[in-house]
Structures are given as structure tokens and as C-alpha cells.
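J.: Sharing protein_19.txt, compact mmCIF, C-alpha atoms:
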```
# COMPACT_ATOMS: atom_id res chain seq x y z
CA MET A 230 -19.91 -13.89 -2.91
CA GLU A 231 -22.01 -15.91 -0.49
CA THR A 232 -19.40 -18.68 -0.56
CA MET A 233 -16.67 -16.12 0.12
CA ARG A 234 -18.69 -14.71 3.02
CA GLN A 235 -19.08 -18.16 4.55
CA LEU A 236 -15.36 -18.84 4.18
CA LYS A 237 -14.58 -15.50 5.85
CA GLU A 238 -16.86 -16.31 8.79
CA PHE A 239 -15.25 -19.73 9.11
CA SER A 240 -11.83 -18.01 9.20
CA VAL A 241 -13.08 -15.65 11.94
CA GLN A 242 -14.37 -18.54 14.05
CA THR A 243 -11.09 -20.40 13.54
CA SER A 244 -9.10 -17.38 14.75
CA TYR A 245 -11.28 -16.35 17.68
CA GLY A 246 -13.75 -19.13 18.43
CA PHE A 247 -14.04 -22.92 18.24
CA TYR A 248 -11.05 -24.24 20.20
CA GLN A 249 -10.18 -22.59 23.56
CA SER A 250 -12.24 -19.50 22.72
CA GLN A 251 -12.04 -18.05 26.24
CA GLU A 252 -8.25 -18.29 26.33
CA LYS A 253 -8.09 -16.66 22.90
CA SER A 254 -10.35 -13.87 24.13
CA ARG A 255 -8.09 -13.24 27.13
CA LEU A 256 -5.07 -12.86 24.89
CA GLN A 257 -6.78 -10.97 22.06
CA GLY A 258 -9.91 -8.86 22.59
CA GLY A 259 -9.53 -9.00 26.36
CA VAL A 260 -6.49 -6.75 26.17
CA LEU A 261 -8.49 -3.89 24.61
CA LEU A 262 -11.47 -4.56 26.88
CA LYS A 263 -9.19 -4.26 29.91
CA LYS A 264 -7.97 -0.89 28.67
CA ILE A 265 -11.55 0.32 28.11
CA LEU A 266 -12.53 -0.68 31.66
CA GLN A 267 -9.44 1.10 32.98
CA ASN A 268 -10.55 4.23 31.10
CA MET A 269 -13.96 3.97 32.78
CA ALA A 270 -12.38 3.55 36.20
CA GLN A 271 -10.29 6.64 35.58
CA ALA A 272 -13.35 8.60 34.46
CA ILE A 273 -15.26 7.92 37.69
CA ASN A 274 -12.28 8.45 39.95
CA GLU A 275 -12.56 12.06 41.11
CA SER A 276 -9.17 12.00 42.81
CA THR A 277 -7.21 10.97 39.72
CA PRO A 278 -4.54 13.54 38.75
CA THR A 279 -4.98 12.87 35.04
CA PRO A 280 -7.67 14.67 33.00
CA ARG A 281 -11.11 13.03 33.06
CA LEU A 282 -11.79 12.73 29.33
CA LYS A 283 -15.33 12.90 27.99
CA MET A 284 -14.57 10.70 24.99
CA ILE A 285 -11.80 8.32 23.92
CA MET A 286 -11.57 6.97 20.38
CA TYR A 287 -9.47 4.12 19.02
CA SER A 288 -8.84 3.57 15.32
CA ALA A 289 -8.08 -0.01 14.37
CA HIS A 290 -8.87 -2.86 11.97
CA ASP A 291 -11.91 -5.09 11.54
CA SER A 292 -9.98 -7.84 13.33
CA THR A 293 -9.80 -5.60 16.42
CA ILE A 294 -13.59 -5.28 16.55
CA MET A 295 -13.96 -9.02 15.92
CA ALA A 296 -11.67 -9.86 18.84
CA LEU A 297 -13.41 -7.36 21.12
CA GLN A 298 -16.90 -8.61 20.29
CA MET A 299 -15.80 -12.22 20.64
CA ALA A 300 -14.49 -11.43 24.12
CA LEU A 301 -17.84 -9.78 24.95
CA ASN A 302 -19.76 -12.66 23.35
CA VAL A 303 -21.77 -10.29 21.15
CA TYR A 304 -20.17 -11.09 17.79
CA SER A 305 -22.52 -11.71 14.85
CA LEU A 306 -20.84 -11.01 11.50
CA ALA A 307 -17.52 -9.64 10.29
CA PRO A 308 -17.63 -5.83 10.50
CA PRO A 309 -17.55 -3.80 7.26
CA TYR A 310 -15.47 -0.69 6.64
CA ALA A 311 -16.05 2.18 9.10
CA ALA A 312 -17.85 -0.04 11.62
CA CYS A 313 -17.57 1.08 15.24
CA HIS A 314 -18.27 -0.44 18.64
CA ILE A 315 -19.34 2.17 21.19
CA PHE A 316 -19.24 2.06 24.99
CA GLU A 317 -21.17 4.68 26.93
CA LEU A 318 -20.70 5.21 30.66
CA TYR A 319 -23.60 6.70 32.63
CA GLN A 320 -24.01 7.87 36.20
CA GLU A 321 -27.46 7.03 37.56
CA ASN A 322 -29.54 9.16 39.92
CA ASP A 323 -28.46 7.06 42.90
CA GLY A 324 -24.78 7.72 42.10
CA SER A 325 -24.06 4.27 40.64
CA PHE A 326 -22.63 3.76 37.17
CA SER A 327 -23.86 1.74 34.22
CA VAL A 328 -22.65 0.82 30.74
CA GLU A 329 -24.44 0.72 27.41
CA MET A 330 -22.95 -0.65 24.20
CA TYR A 331 -23.86 0.32 20.65
CA TYR A 332 -22.69 -1.02 17.32
CA ARG A 333 -22.82 0.74 13.98
CA ASN A 334 -22.03 -1.38 10.95
CA GLU A 335 -23.90 0.49 8.21
CA SER A 336 -23.23 4.06 7.14
CA ASP A 337 -26.90 4.76 6.34
CA SER A 338 -28.24 3.37 9.62
CA LYS A 339 -28.01 4.47 13.23
CA ALA A 340 -26.04 2.52 15.80
CA TYR A 341 -28.09 -0.18 17.51
CA LEU A 342 -27.98 -1.30 21.11
CA LEU A 343 -25.95 -4.37 22.10
CA THR A 344 -26.69 -6.33 25.25
CA LEU A 345 -24.00 -8.15 27.19
CA PRO A 346 -25.17 -11.74 27.82
CA ASP A 347 -26.69 -12.26 31.31
CA CYS A 348 -27.12 -8.52 31.78
CA THR A 349 -29.65 -5.83 30.91
CA LYS A 350 -29.30 -3.35 28.06
CA THR A 351 -28.21 -0.77 30.60
CA CYS A 352 -25.75 -2.94 32.49
CA PRO A 353 -24.52 -1.88 35.96
CA LEU A 354 -20.79 -1.26 35.74
CA SER A 355 -20.02 -3.61 38.64
CA LYS A 356 -21.92 -6.44 36.94
CA PHE A 357 -20.34 -5.63 33.59
CA ILE A 358 -16.90 -5.96 35.16
CA SER A 359 -17.89 -9.20 36.89
CA LEU A 360 -19.31 -10.80 33.72
CA THR A 361 -16.23 -9.94 31.66
CA SER A 362 -13.62 -10.78 34.31
CA SER A 363 -12.93 -14.23 32.80
CA VAL A 364 -11.63 -12.65 29.57
CA ILE A 365 -9.52 -9.92 31.18
CA PRO A 366 -5.84 -10.90 31.27
CA ALA A 367 -4.19 -10.38 34.64
CA ASN A 368 -0.69 -10.52 33.17
CA TRP A 369 -0.72 -10.65 29.39
CA VAL A 370 3.06 -11.11 29.07
CA LYS A 371 3.04 -14.05 31.47
CA GLU A 372 -0.04 -15.68 29.94
CA CYS A 373 1.44 -15.37 26.45
CA GLN A 374 4.69 -16.80 27.81
CA VAL A 375 6.61 -13.83 26.47
CA HIS A 376 10.05 -13.44 28.01
CA GLY A 377 13.34 -11.76 27.22
CA GLY A 378 14.93 -15.02 26.11
CA SER A 379 12.51 -15.29 23.21
CA VAL A 380 13.64 -11.89 21.93
CA GLN A 381 17.29 -12.97 22.11
CA ILE A 382 16.47 -16.23 20.33
CA ALA A 383 14.61 -14.33 17.62
CA LEU A 384 17.60 -12.00 17.12
CA ALA A 385 19.99 -14.96 16.97
CA GLU A 386 17.78 -16.65 14.39
CA LEU A 387 17.70 -13.43 12.40
CA PHE A 388 21.49 -13.12 12.38
CA VAL A 389 21.90 -16.78 11.40
CA GLY A 390 19.40 -16.32 8.59
CA LEU A 391 21.21 -13.22 7.32
CA ALA A 392 24.57 -15.02 7.45
CA VAL A 393 23.28 -18.04 5.55
CA GLY A 394 21.55 -15.83 3.01
CA SER A 395 24.72 -13.78 2.47
CA CYS A 396 26.79 -16.95 1.94
CA LEU A 397 24.32 -18.29 -0.60
CA LEU A 398 24.28 -14.97 -2.44
CA LEU A 399 28.08 -14.89 -2.53
CA LEU A 400 28.17 -18.46 -3.86
CA LEU A 401 25.74 -17.60 -6.63
CA ILE A 402 27.83 -14.57 -7.64
CA VAL A 403 31.02 -16.69 -7.79
CA LEU A 404 29.30 -19.35 -9.92
CA PHE A 405 27.91 -16.70 -12.24
CA VAL A 406 31.32 -15.09 -12.75
CA LYS A 407 33.01 -18.47 -13.40
CA LEU A 408 30.37 -19.41 -15.96
CA ARG A 409 30.79 -16.08 -17.74
CA TYR A 410 34.59 -16.45 -18.03
CA ARG A 411 34.33 -20.10 -19.08
CA ASP A 412 31.94 -19.19 -21.89
CA LYS A 413 34.35 -16.53 -23.19
CA GLY A 414 37.30 -18.98 -23.28
CA GLN A 415 35.49 -21.70 -25.25
CA PRO A 416 35.60 -21.80 -29.13
CA LEU A 417 32.40 -20.66 -30.75
CA GLY A 418 32.20 -23.80 -32.93
CA TYR A 419 32.77 -22.14 -36.34
CA GLN A 420 35.72 -20.82 -38.41
CA LYS A 421 36.08 -17.51 -40.14
CA LEU A 422 35.48 -17.57 -43.92
CA ALA A 423 38.25 -16.10 -46.09
CA SER A 424 37.52 -12.84 -47.83
CA ASP A 425 37.83 -12.52 -51.65
CA SER A 426 41.30 -10.94 -51.41
CA GLU A 427 42.54 -13.66 -49.03
CA ALA A 428 41.20 -16.34 -51.37
CA SER A 429 42.94 -14.72 -54.40
CA GLU A 430 46.26 -14.58 -52.54
CA LYS A 431 45.99 -18.28 -51.64
CA MET A 432 45.27 -19.23 -55.28
CA ALA A 433 48.25 -17.15 -56.60
CA ALA A 434 50.56 -18.76 -54.09
CA ALA A 435 49.42 -22.21 -55.16
```
Taking this structure as input, can you express it in the form of C-alpha cells?
T.:
Amino acid sequence: METMRQLKEFSVQTSYGFYQSQEKSRLQGGVLLKKILQNMAQAINESTPTPRLKMIMYSAHDSTIMALQMALNVYSLAPPYAACHIFELYQENDGSFSVEMYYRNESDSKAYLLTLPDCTKTCPLSKFISLTSSVIPANWVKECQVHGGSVQIALAELFVGLAVGSCLLLLLIVLFVKLRYRDKGQPLGYQKLASDSEASEKMAAA
């Protein structure tokens, strides 16, 4: 199991770390982090017409938490089932806002405090935004080089694949039918033995 754990961690680092880790964070965990910061901005904006929610929850996979924690540079180990990463937004006495992060990865233990690198445990929101700005995508579609042409190309490739697959299937059916009919037309390689009555008739005629 220890070998499997090490291989899993190596797979995580390959997917999110090692080579061009910051670019990966911008295109992976940075997308969710951007949404979380937008939720915070909406919560402190008193003039927003939308409801100011007290709590927002996202249900996702372990890979989502991995990507998020990699983007925040607080990743340690692959999260188990039911793990959760918590952001709490506070308004201080002077009217400013701060962020605290907690992580719960064991059902029988309380969530423990996470500290964003280069910040305090209770991190001022403005500093939190500044420290994470490098992993927030400005235009995810553009940075991923996603464009309408790629969708059309994918559809064209799909249709070509279906056409080729249909032709191959039709060819296999034709070959199968031809083999079946050819087998029926060939002699079986043996002759029918005469019955006792047929043998008696042949002897009487002789």
C-alpha cells in the first residue's frame, strides 16, 4: 500500500506540479479559486442585486481539491473521501475583510487551519487576492486556446470515425455471410452409407 501511495502522489505531481506548475494552476485550480473570490466580492458588495449568501458549497472530486490546493500552494497529500477545503470570510472591527482557510481530511478529526504562503493565518482579503493573482486566469478560453474551430474539427473527426467504423462493420457482415453460404455449398467429405434394405435390393439386382 505504501508503494501504491507513492505512485499516486507521483501521479498527482505529474498532473499538477513539476513542469509549468503555475500555468497548470491557472488552467486547473485557478478556475475554481477565481469563482470563490468572485463569491467573496459579491458577499461584501452591499449594492449587489443578487442575494448575499451566507454559505456556498461545491461538491466535486478529490482531483478538484488537489488542483485547488496546488493553486494555493498548500497541497500536502491526496485527499481521502469526504475531505473538504473551507474558506471563511470575516469582517474585522475596522471594516476590512480577511480570509481563513481550513481543511478537513479525517472524519474523526476537526478541520485544521491552513495558511497561505507569505501571509498570516488570518489573511487580509486584499493580500490574499494579490498573492493568488498569478494563478487566476484572466481569460480561460483564450489561455487554453479553445476556439470554435476546434469544436468543428472535433465534430468532423467524429463523423469521419463513424463513417469508417460503419464501412468496416458492413464489410465484416458481408464477409461473414459469404463464408456461411460457401460452407453450405461445399461437400461434407463423406458419403451416406446404404441401409439394410438398400443393400438387399442391390444384391438381388446383381
J.: Measure the distance from atom CA of Ile365 of chain A to atom CA of Val241 of chain A in Å and round it to one decimal.
T.: 20.4 Å
J.: What separation in Å, quoted to one decimal, exists between atom CA of Cys352 of chain A and atom CA of Glu329 of chain A?
T.: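 Value for the atom CA of Cys352 of chain A-atom CA of Glu329 of chain A distance: 6.4 Å.
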J.: Using only C-alpha atoms for the distances, tell me which of A:Met233, A:Leu397, A:Ile265, A:Met299 is nearest to Phe247 of chain A.
T.: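 Using only C-alpha atoms, the shortest distance to Phe247 of chain A belongs to A:Met299.
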J.: Using only C-alpha atoms, which protein or nucleic acid residues come within 9 Å of Ala311 of chain A? Drop anything in the same chain fewer than 4 positions from it, and give the result as number ranges by chain.
T.: A: 291, 333-336
J.: Please return, as a list in words, all polymer residues that have at least one atom within 12 Å of the point (-26.8, -3.6, 22.9); use all atoms listed in the file and the file's own coordinate frame.
T.: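 Residues lying no farther than 12 Å from the given point: Gln298, Leu301, Asn302, Val303, Tyr304, His314, Ile315, Phe316, Glu317, Val328, Glu329, Met330, Tyr331, Tyr332, Arg333, Ala340, Tyr341, Leu342, Leu343, Thr344, Leu345, Pro346, Cys348, Thr349, Lys350, Thr351 and Cys352 of chain A.
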J.: Closest to Ile285 of chain A among A:Ser244, A:Gln267, A:Ser362, A:Gln320, using all atoms listed in the file?
T.: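 Of A:Ser244, A:Gln267, A:Ser362, A:Gln320, the one nearest Ile285 of chain A, counting all atoms listed in the file, is A:Gln267.
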J.: Pick out the closest residue to Leu262 of chain A from this set: A:Leu354, A:Ala300, A:Val389, A:Val370. Count all atoms listed in the file.
T.: A:Ala300
J.: Could you check how far atom CA of Val364 of chain A sits from atom CA of Gln257 of chain A, in Å to one decimal?
T.: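 Computing it gives 9.1 Å between the two atoms.
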J.: Determine the nearest neighbour of Ser254 of chain A from the options A:Thr232, A:Ser363, A:Ser327, A:Gln374, counting only C-alpha atoms.
T.: A:Ser363
